[in-house]
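Source file: start_37.txt; contents: compact mmCIF, N, CA and C atoms.
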# COMPACT_ATOMS: atom_id res chain seq x y z
N ASN A 1 -12.63 -4.51 5.93
CA ASN A 1 -11.61 -4.02 5.02
C ASN A 1 -11.52 -2.50 5.11
N VAL A 2 -10.34 -1.99 4.85
CA VAL A 2 -10.09 -0.56 4.88
C VAL A 2 -9.65 -0.13 3.48
N LYS A 3 -10.24 0.94 2.96
CA LYS A 3 -9.83 1.49 1.67
C LYS A 3 -8.97 2.72 1.92
N VAL A 4 -7.83 2.75 1.21
CA VAL A 4 -6.89 3.87 1.30
C VAL A 4 -6.70 4.41 -0.11
N PHE A 5 -6.69 5.72 -0.24
CA PHE A 5 -6.48 6.37 -1.53
C PHE A 5 -5.14 7.09 -1.49
N LEU A 6 -4.25 6.74 -2.41
CA LEU A 6 -2.92 7.31 -2.46
C LEU A 6 -2.73 8.07 -3.78
N LYS A 7 -2.32 9.31 -3.69
CA LYS A 7 -1.97 10.06 -4.89
C LYS A 7 -0.52 9.74 -5.23
N TYR A 8 -0.24 9.64 -6.53
CA TYR A 8 1.11 9.34 -6.96
C TYR A 8 1.51 10.21 -8.14
N GLU A 9 2.82 10.37 -8.29
CA GLU A 9 3.41 11.01 -9.46
C GLU A 9 4.74 10.33 -9.68
N ASP A 10 4.99 9.92 -10.92
CA ASP A 10 6.23 9.21 -11.24
C ASP A 10 6.78 9.74 -12.55
N GLY A 11 8.02 10.19 -12.53
CA GLY A 11 8.61 10.84 -13.68
C GLY A 11 8.98 9.91 -14.83
N ASP A 12 9.13 8.61 -14.56
CA ASP A 12 9.49 7.70 -15.66
C ASP A 12 8.48 6.58 -15.88
N GLY A 13 7.37 6.60 -15.16
CA GLY A 13 6.26 5.69 -15.43
C GLY A 13 6.50 4.23 -15.12
N ASP A 14 7.42 3.94 -14.19
CA ASP A 14 7.71 2.53 -13.91
C ASP A 14 7.13 2.04 -12.58
N LEU A 15 5.97 2.55 -12.23
CA LEU A 15 5.27 2.05 -11.03
C LEU A 15 4.40 0.87 -11.41
N GLY A 16 4.46 -0.17 -10.58
CA GLY A 16 3.61 -1.33 -10.80
C GLY A 16 4.24 -2.34 -11.76
N TYR A 17 3.61 -3.51 -11.78
CA TYR A 17 4.13 -4.64 -12.55
C TYR A 17 3.01 -5.28 -13.36
N ALA A 18 3.38 -5.89 -14.46
CA ALA A 18 2.42 -6.65 -15.27
C ALA A 18 2.09 -7.98 -14.61
N GLU A 19 3.06 -8.56 -13.89
CA GLU A 19 2.88 -9.88 -13.27
C GLU A 19 2.22 -9.73 -11.90
N ALA A 20 1.11 -10.41 -11.70
CA ALA A 20 0.34 -10.28 -10.45
C ALA A 20 1.07 -10.83 -9.24
N ASP A 21 2.11 -11.64 -9.44
CA ASP A 21 2.84 -12.17 -8.29
C ASP A 21 3.99 -11.25 -7.87
N SER A 22 4.12 -10.10 -8.51
CA SER A 22 5.13 -9.11 -8.14
C SER A 22 4.53 -8.14 -7.13
N LEU A 23 4.94 -8.29 -5.89
CA LEU A 23 4.38 -7.48 -4.81
C LEU A 23 5.30 -6.29 -4.56
N SER A 24 4.79 -5.09 -4.76
CA SER A 24 5.66 -3.92 -4.70
C SER A 24 5.21 -2.86 -3.71
N MET A 25 4.08 -3.07 -3.04
CA MET A 25 3.62 -2.10 -2.03
C MET A 25 3.75 -2.73 -0.65
N GLU A 26 4.50 -2.06 0.20
CA GLU A 26 4.73 -2.51 1.57
C GLU A 26 3.77 -1.75 2.48
N VAL A 27 3.00 -2.48 3.29
CA VAL A 27 2.01 -1.86 4.17
C VAL A 27 2.26 -2.37 5.60
N TRP A 28 2.56 -1.44 6.49
CA TRP A 28 2.81 -1.77 7.90
C TRP A 28 1.61 -1.39 8.74
N ASP A 29 1.03 -2.34 9.43
CA ASP A 29 0.03 -2.09 10.47
C ASP A 29 0.85 -1.74 11.72
N ALA A 30 0.61 -0.61 12.35
CA ALA A 30 1.40 -0.15 13.49
C ALA A 30 1.41 -1.15 14.64
N ARG A 31 0.46 -2.06 14.67
CA ARG A 31 0.39 -3.03 15.76
C ARG A 31 1.25 -4.27 15.51
N LEU A 32 1.75 -4.44 14.31
CA LEU A 32 2.46 -5.66 13.92
C LEU A 32 3.94 -5.40 13.66
N THR A 33 4.74 -6.46 13.64
CA THR A 33 6.18 -6.32 13.46
C THR A 33 6.63 -6.56 12.02
N GLU A 34 5.79 -7.11 11.18
CA GLU A 34 6.12 -7.38 9.78
C GLU A 34 5.09 -6.73 8.86
N PRO A 35 5.52 -6.27 7.69
CA PRO A 35 4.57 -5.66 6.76
C PRO A 35 3.80 -6.70 5.97
N ASP A 36 2.68 -6.27 5.40
CA ASP A 36 1.98 -7.04 4.38
C ASP A 36 2.43 -6.47 3.04
N TRP A 37 2.34 -7.27 1.99
CA TRP A 37 2.75 -6.84 0.66
C TRP A 37 1.57 -6.92 -0.28
N TYR A 38 1.45 -5.94 -1.17
CA TYR A 38 0.33 -5.86 -2.11
C TYR A 38 0.85 -5.71 -3.53
N TYR A 39 0.06 -6.20 -4.45
CA TYR A 39 0.34 -6.07 -5.88
C TYR A 39 -0.19 -4.73 -6.39
N VAL A 40 0.64 -4.04 -7.17
CA VAL A 40 0.23 -2.82 -7.85
C VAL A 40 0.39 -3.09 -9.35
N PRO A 41 -0.68 -3.02 -10.12
CA PRO A 41 -0.55 -3.27 -11.57
C PRO A 41 0.26 -2.15 -12.23
N ALA A 42 0.84 -2.45 -13.37
CA ALA A 42 1.59 -1.43 -14.11
C ALA A 42 0.67 -0.24 -14.38
N LEU A 43 1.13 0.95 -14.02
CA LEU A 43 0.33 2.15 -14.15
C LEU A 43 0.58 2.88 -15.47
N ALA A 44 1.53 2.38 -16.24
CA ALA A 44 1.82 2.87 -17.59
C ALA A 44 2.34 1.66 -18.37
N PRO A 45 2.30 1.70 -19.68
CA PRO A 45 2.81 0.57 -20.45
C PRO A 45 4.27 0.26 -20.09
N VAL A 46 4.56 -1.02 -19.83
CA VAL A 46 5.92 -1.44 -19.49
C VAL A 46 6.82 -1.14 -20.68
N GLY A 47 7.96 -0.54 -20.42
CA GLY A 47 8.90 -0.20 -21.47
C GLY A 47 8.78 1.25 -21.94
N GLU A 48 7.71 1.91 -21.59
CA GLU A 48 7.52 3.32 -21.94
C GLU A 48 8.12 4.20 -20.83
N THR A 49 8.68 5.32 -21.21
CA THR A 49 9.18 6.29 -20.23
C THR A 49 8.34 7.55 -20.38
N LEU A 50 7.45 7.76 -19.40
CA LEU A 50 6.60 8.93 -19.43
C LEU A 50 6.18 9.31 -18.03
N THR A 51 5.86 10.56 -17.84
CA THR A 51 5.42 11.04 -16.53
C THR A 51 3.96 10.64 -16.32
N ILE A 52 3.70 10.04 -15.17
CA ILE A 52 2.33 9.63 -14.84
C ILE A 52 1.96 10.20 -13.48
N ASN A 53 0.67 10.39 -13.27
CA ASN A 53 0.16 10.78 -11.95
C ASN A 53 -1.29 10.34 -11.87
N GLY A 54 -1.76 10.20 -10.65
CA GLY A 54 -3.13 9.76 -10.44
C GLY A 54 -3.36 9.39 -9.00
N GLU A 55 -4.35 8.55 -8.79
CA GLU A 55 -4.70 8.13 -7.44
C GLU A 55 -4.93 6.62 -7.45
N LEU A 56 -4.29 5.92 -6.52
CA LEU A 56 -4.49 4.48 -6.35
C LEU A 56 -5.51 4.24 -5.26
N GLU A 57 -6.41 3.30 -5.48
CA GLU A 57 -7.33 2.86 -4.44
C GLU A 57 -6.84 1.49 -3.98
N ILE A 58 -6.44 1.42 -2.72
CA ILE A 58 -5.91 0.18 -2.15
C ILE A 58 -6.89 -0.33 -1.10
N THR A 59 -7.28 -1.60 -1.20
CA THR A 59 -8.13 -2.21 -0.19
C THR A 59 -7.26 -3.07 0.71
N LEU A 60 -7.17 -2.70 1.98
CA LEU A 60 -6.40 -3.46 2.96
C LEU A 60 -7.33 -4.52 3.53
N ASN A 61 -7.12 -5.74 3.07
CA ASN A 61 -8.01 -6.85 3.42
C ASN A 61 -7.71 -7.41 4.80
N GLY A 62 -8.73 -7.91 5.44
CA GLY A 62 -8.57 -8.67 6.67
C GLY A 62 -8.13 -7.88 7.87
N THR A 63 -8.53 -6.62 7.97
CA THR A 63 -8.20 -5.85 9.17
C THR A 63 -8.96 -6.46 10.35
N PHE A 64 -8.27 -6.66 11.46
CA PHE A 64 -8.85 -7.42 12.57
C PHE A 64 -8.44 -6.82 13.91
N ILE A 65 -9.14 -7.23 14.97
CA ILE A 65 -8.81 -6.83 16.33
C ILE A 65 -7.85 -7.87 16.90
N LEU A 66 -6.71 -7.41 17.43
CA LEU A 66 -5.71 -8.32 17.99
C LEU A 66 -6.03 -8.73 19.42
N GLY A 67 -6.57 -7.80 20.20
CA GLY A 67 -6.81 -8.05 21.62
C GLY A 67 -8.18 -8.64 21.90
N ASN A 68 -8.61 -8.49 23.15
CA ASN A 68 -9.89 -9.05 23.59
C ASN A 68 -11.04 -8.06 23.57
N GLY A 69 -10.77 -6.81 23.26
CA GLY A 69 -11.82 -5.79 23.29
C GLY A 69 -12.72 -5.84 22.07
N THR A 70 -13.62 -4.87 22.01
CA THR A 70 -14.55 -4.80 20.88
C THR A 70 -14.12 -3.76 19.85
N SER A 71 -13.06 -2.99 20.18
CA SER A 71 -12.53 -2.04 19.21
C SER A 71 -11.03 -1.84 19.50
N GLU A 72 -10.34 -1.33 18.49
CA GLU A 72 -8.91 -1.12 18.59
C GLU A 72 -8.51 -0.05 17.58
N THR A 73 -7.45 0.69 17.85
CA THR A 73 -6.99 1.70 16.90
C THR A 73 -5.62 1.30 16.35
N THR A 74 -5.36 1.76 15.14
CA THR A 74 -4.07 1.55 14.51
C THR A 74 -3.90 2.58 13.40
N SER A 75 -2.75 2.56 12.78
CA SER A 75 -2.51 3.33 11.56
C SER A 75 -1.71 2.44 10.63
N PHE A 76 -1.66 2.81 9.37
CA PHE A 76 -0.93 2.04 8.39
C PHE A 76 0.11 2.95 7.73
N THR A 77 1.30 2.43 7.57
CA THR A 77 2.38 3.13 6.88
C THR A 77 2.68 2.36 5.62
N MET A 78 2.79 3.06 4.49
CA MET A 78 3.00 2.35 3.23
C MET A 78 3.96 3.08 2.32
N ARG A 79 4.55 2.30 1.43
CA ARG A 79 5.42 2.84 0.39
C ARG A 79 5.42 1.85 -0.77
N ILE A 80 5.81 2.34 -1.96
CA ILE A 80 5.80 1.53 -3.17
C ILE A 80 7.21 1.51 -3.76
N ARG A 81 7.62 0.34 -4.23
CA ARG A 81 8.90 0.20 -4.93
C ARG A 81 8.63 0.14 -6.42
N ASP A 82 9.33 0.96 -7.20
CA ASP A 82 9.14 0.93 -8.65
C ASP A 82 9.97 -0.18 -9.28
N ARG A 83 9.85 -0.36 -10.58
CA ARG A 83 10.54 -1.45 -11.26
C ARG A 83 12.05 -1.28 -11.27
N ALA A 84 12.55 -0.07 -11.04
CA ALA A 84 14.00 0.16 -10.94
C ALA A 84 14.52 -0.11 -9.53
N GLY A 85 13.61 -0.43 -8.59
CA GLY A 85 14.01 -0.72 -7.21
C GLY A 85 14.01 0.49 -6.29
N ASN A 86 13.55 1.63 -6.77
CA ASN A 86 13.49 2.84 -5.95
C ASN A 86 12.21 2.86 -5.13
N TRP A 87 12.32 3.31 -3.87
CA TRP A 87 11.17 3.40 -2.98
C TRP A 87 10.55 4.79 -3.05
N SER A 88 9.23 4.83 -2.93
CA SER A 88 8.51 6.10 -2.87
C SER A 88 8.69 6.72 -1.49
N ASN A 89 8.14 7.90 -1.33
CA ASN A 89 8.02 8.48 0.00
C ASN A 89 7.12 7.57 0.84
N THR A 90 7.29 7.63 2.14
CA THR A 90 6.46 6.86 3.06
C THR A 90 5.24 7.70 3.42
N VAL A 91 4.08 7.06 3.42
CA VAL A 91 2.82 7.73 3.74
C VAL A 91 2.18 7.00 4.92
N GLU A 92 1.64 7.76 5.88
CA GLU A 92 0.95 7.15 7.02
C GLU A 92 -0.50 7.61 7.05
N THR A 93 -1.39 6.67 7.29
CA THR A 93 -2.81 7.02 7.40
C THR A 93 -3.06 7.70 8.74
N PRO A 94 -4.17 8.40 8.85
CA PRO A 94 -4.61 8.85 10.18
C PRO A 94 -4.94 7.61 11.02
N THR A 95 -5.19 7.81 12.29
CA THR A 95 -5.59 6.71 13.15
C THR A 95 -6.93 6.14 12.69
N ILE A 96 -7.00 4.83 12.61
CA ILE A 96 -8.21 4.12 12.17
C ILE A 96 -8.71 3.28 13.34
N THR A 97 -10.02 3.33 13.58
CA THR A 97 -10.61 2.51 14.64
C THR A 97 -11.24 1.28 14.00
N ILE A 98 -10.85 0.12 14.49
CA ILE A 98 -11.39 -1.16 14.02
C ILE A 98 -12.41 -1.61 15.07
N VAL A 99 -13.61 -1.92 14.63
CA VAL A 99 -14.65 -2.35 15.56
C VAL A 99 -15.10 -3.76 15.24
N GLU A 100 -15.50 -4.48 16.27
CA GLU A 100 -16.01 -5.84 16.10
C GLU A 100 -17.34 -5.77 15.34
N PRO A 101 -17.50 -6.63 14.34
CA PRO A 101 -18.76 -6.59 13.56
C PRO A 101 -19.97 -7.01 14.39

As structure tokens, the full file:
Amino acid sequence: NVKVFLKYEDGDGDLGYAEADSLSMEVWDARLTEPDWYYVPALAPVGETLTINGELEITLNGTFILGNGTSETTSFTMRIRDRAGNWSNTVETPTITIVEP
């Protein structure tokens, strides 16, 4: 697994959802053609309008080697959609090396 720390700031506090089946974070592995989706819990009380900021810790589960080697490199690109449907800025990780356990 890979842990990523993202700093955020939101002027109206509508990042994340109360419902765990609401997937609002899009994460692209540079080696793949489709993104994975992650749940982000509500970062402020739903219905409140307030400025929030902080740091999210995201665990990217199941990172794996696609080829036949013992190591591989990739990067991850991610963004978050708020409850109003607006997308955040896109953030890309540095290159990450995945090694066979």

Legend entry - Residue nearest A:Asp29 among A:Thr77, A:Thr70, A:Glu48, A:Glu55 (counting all atoms listed in the file): A:Thr77

Legend entry - Residue nearest A:Ala18 among A:Ile98, A:Val40, A:Val91, A:Leu60 (counting only C-alpha atoms):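 That would be A:Val40, the residue with the smallest distance to A:Ala18.
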
Legend entry - Separation of atom CA of A:Thr63 from atom CA of A:Ser24 in Å: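 Atom-to-atom, atom CA of A:Ser24 to atom CA of A:Thr63, that is 19.7 Å.
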
Inset, instruction - Excluding A:Ile58 and any residue of its chain fewer than 3 positions from it, enumerate the residues within 6 Å of it, using only N, CA and C atoms, and give them as an NGL selection string. - result: :A and (2-6)

Legend entry - Expected residue set, 6.5 Å radius at (-0.4, -2.3, -12.6), all atoms listed in the file, as a ChimeraX atom specification: /A:15-18,40-44

Inset, instruction - Work out how far atom N of A:Gly67 is from atom C of A:Arg79, in Å to one decimal. - result: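 The value is 26.0 Å.
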
Legend entry - Atom-to-atom span, atom CA of A:Leu56 and atom CA of A:Leu32, Å: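 For atom CA of A:Leu56 relative to atom CA of A:Leu32, the distance reads 23.7 Å.
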
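Among the candidates A:Ile52, A:Asp82, A:Asn61, A:Tyr38, the one nearest to A:Leu23 when counting all atoms listed in the file is A:Tyr38.
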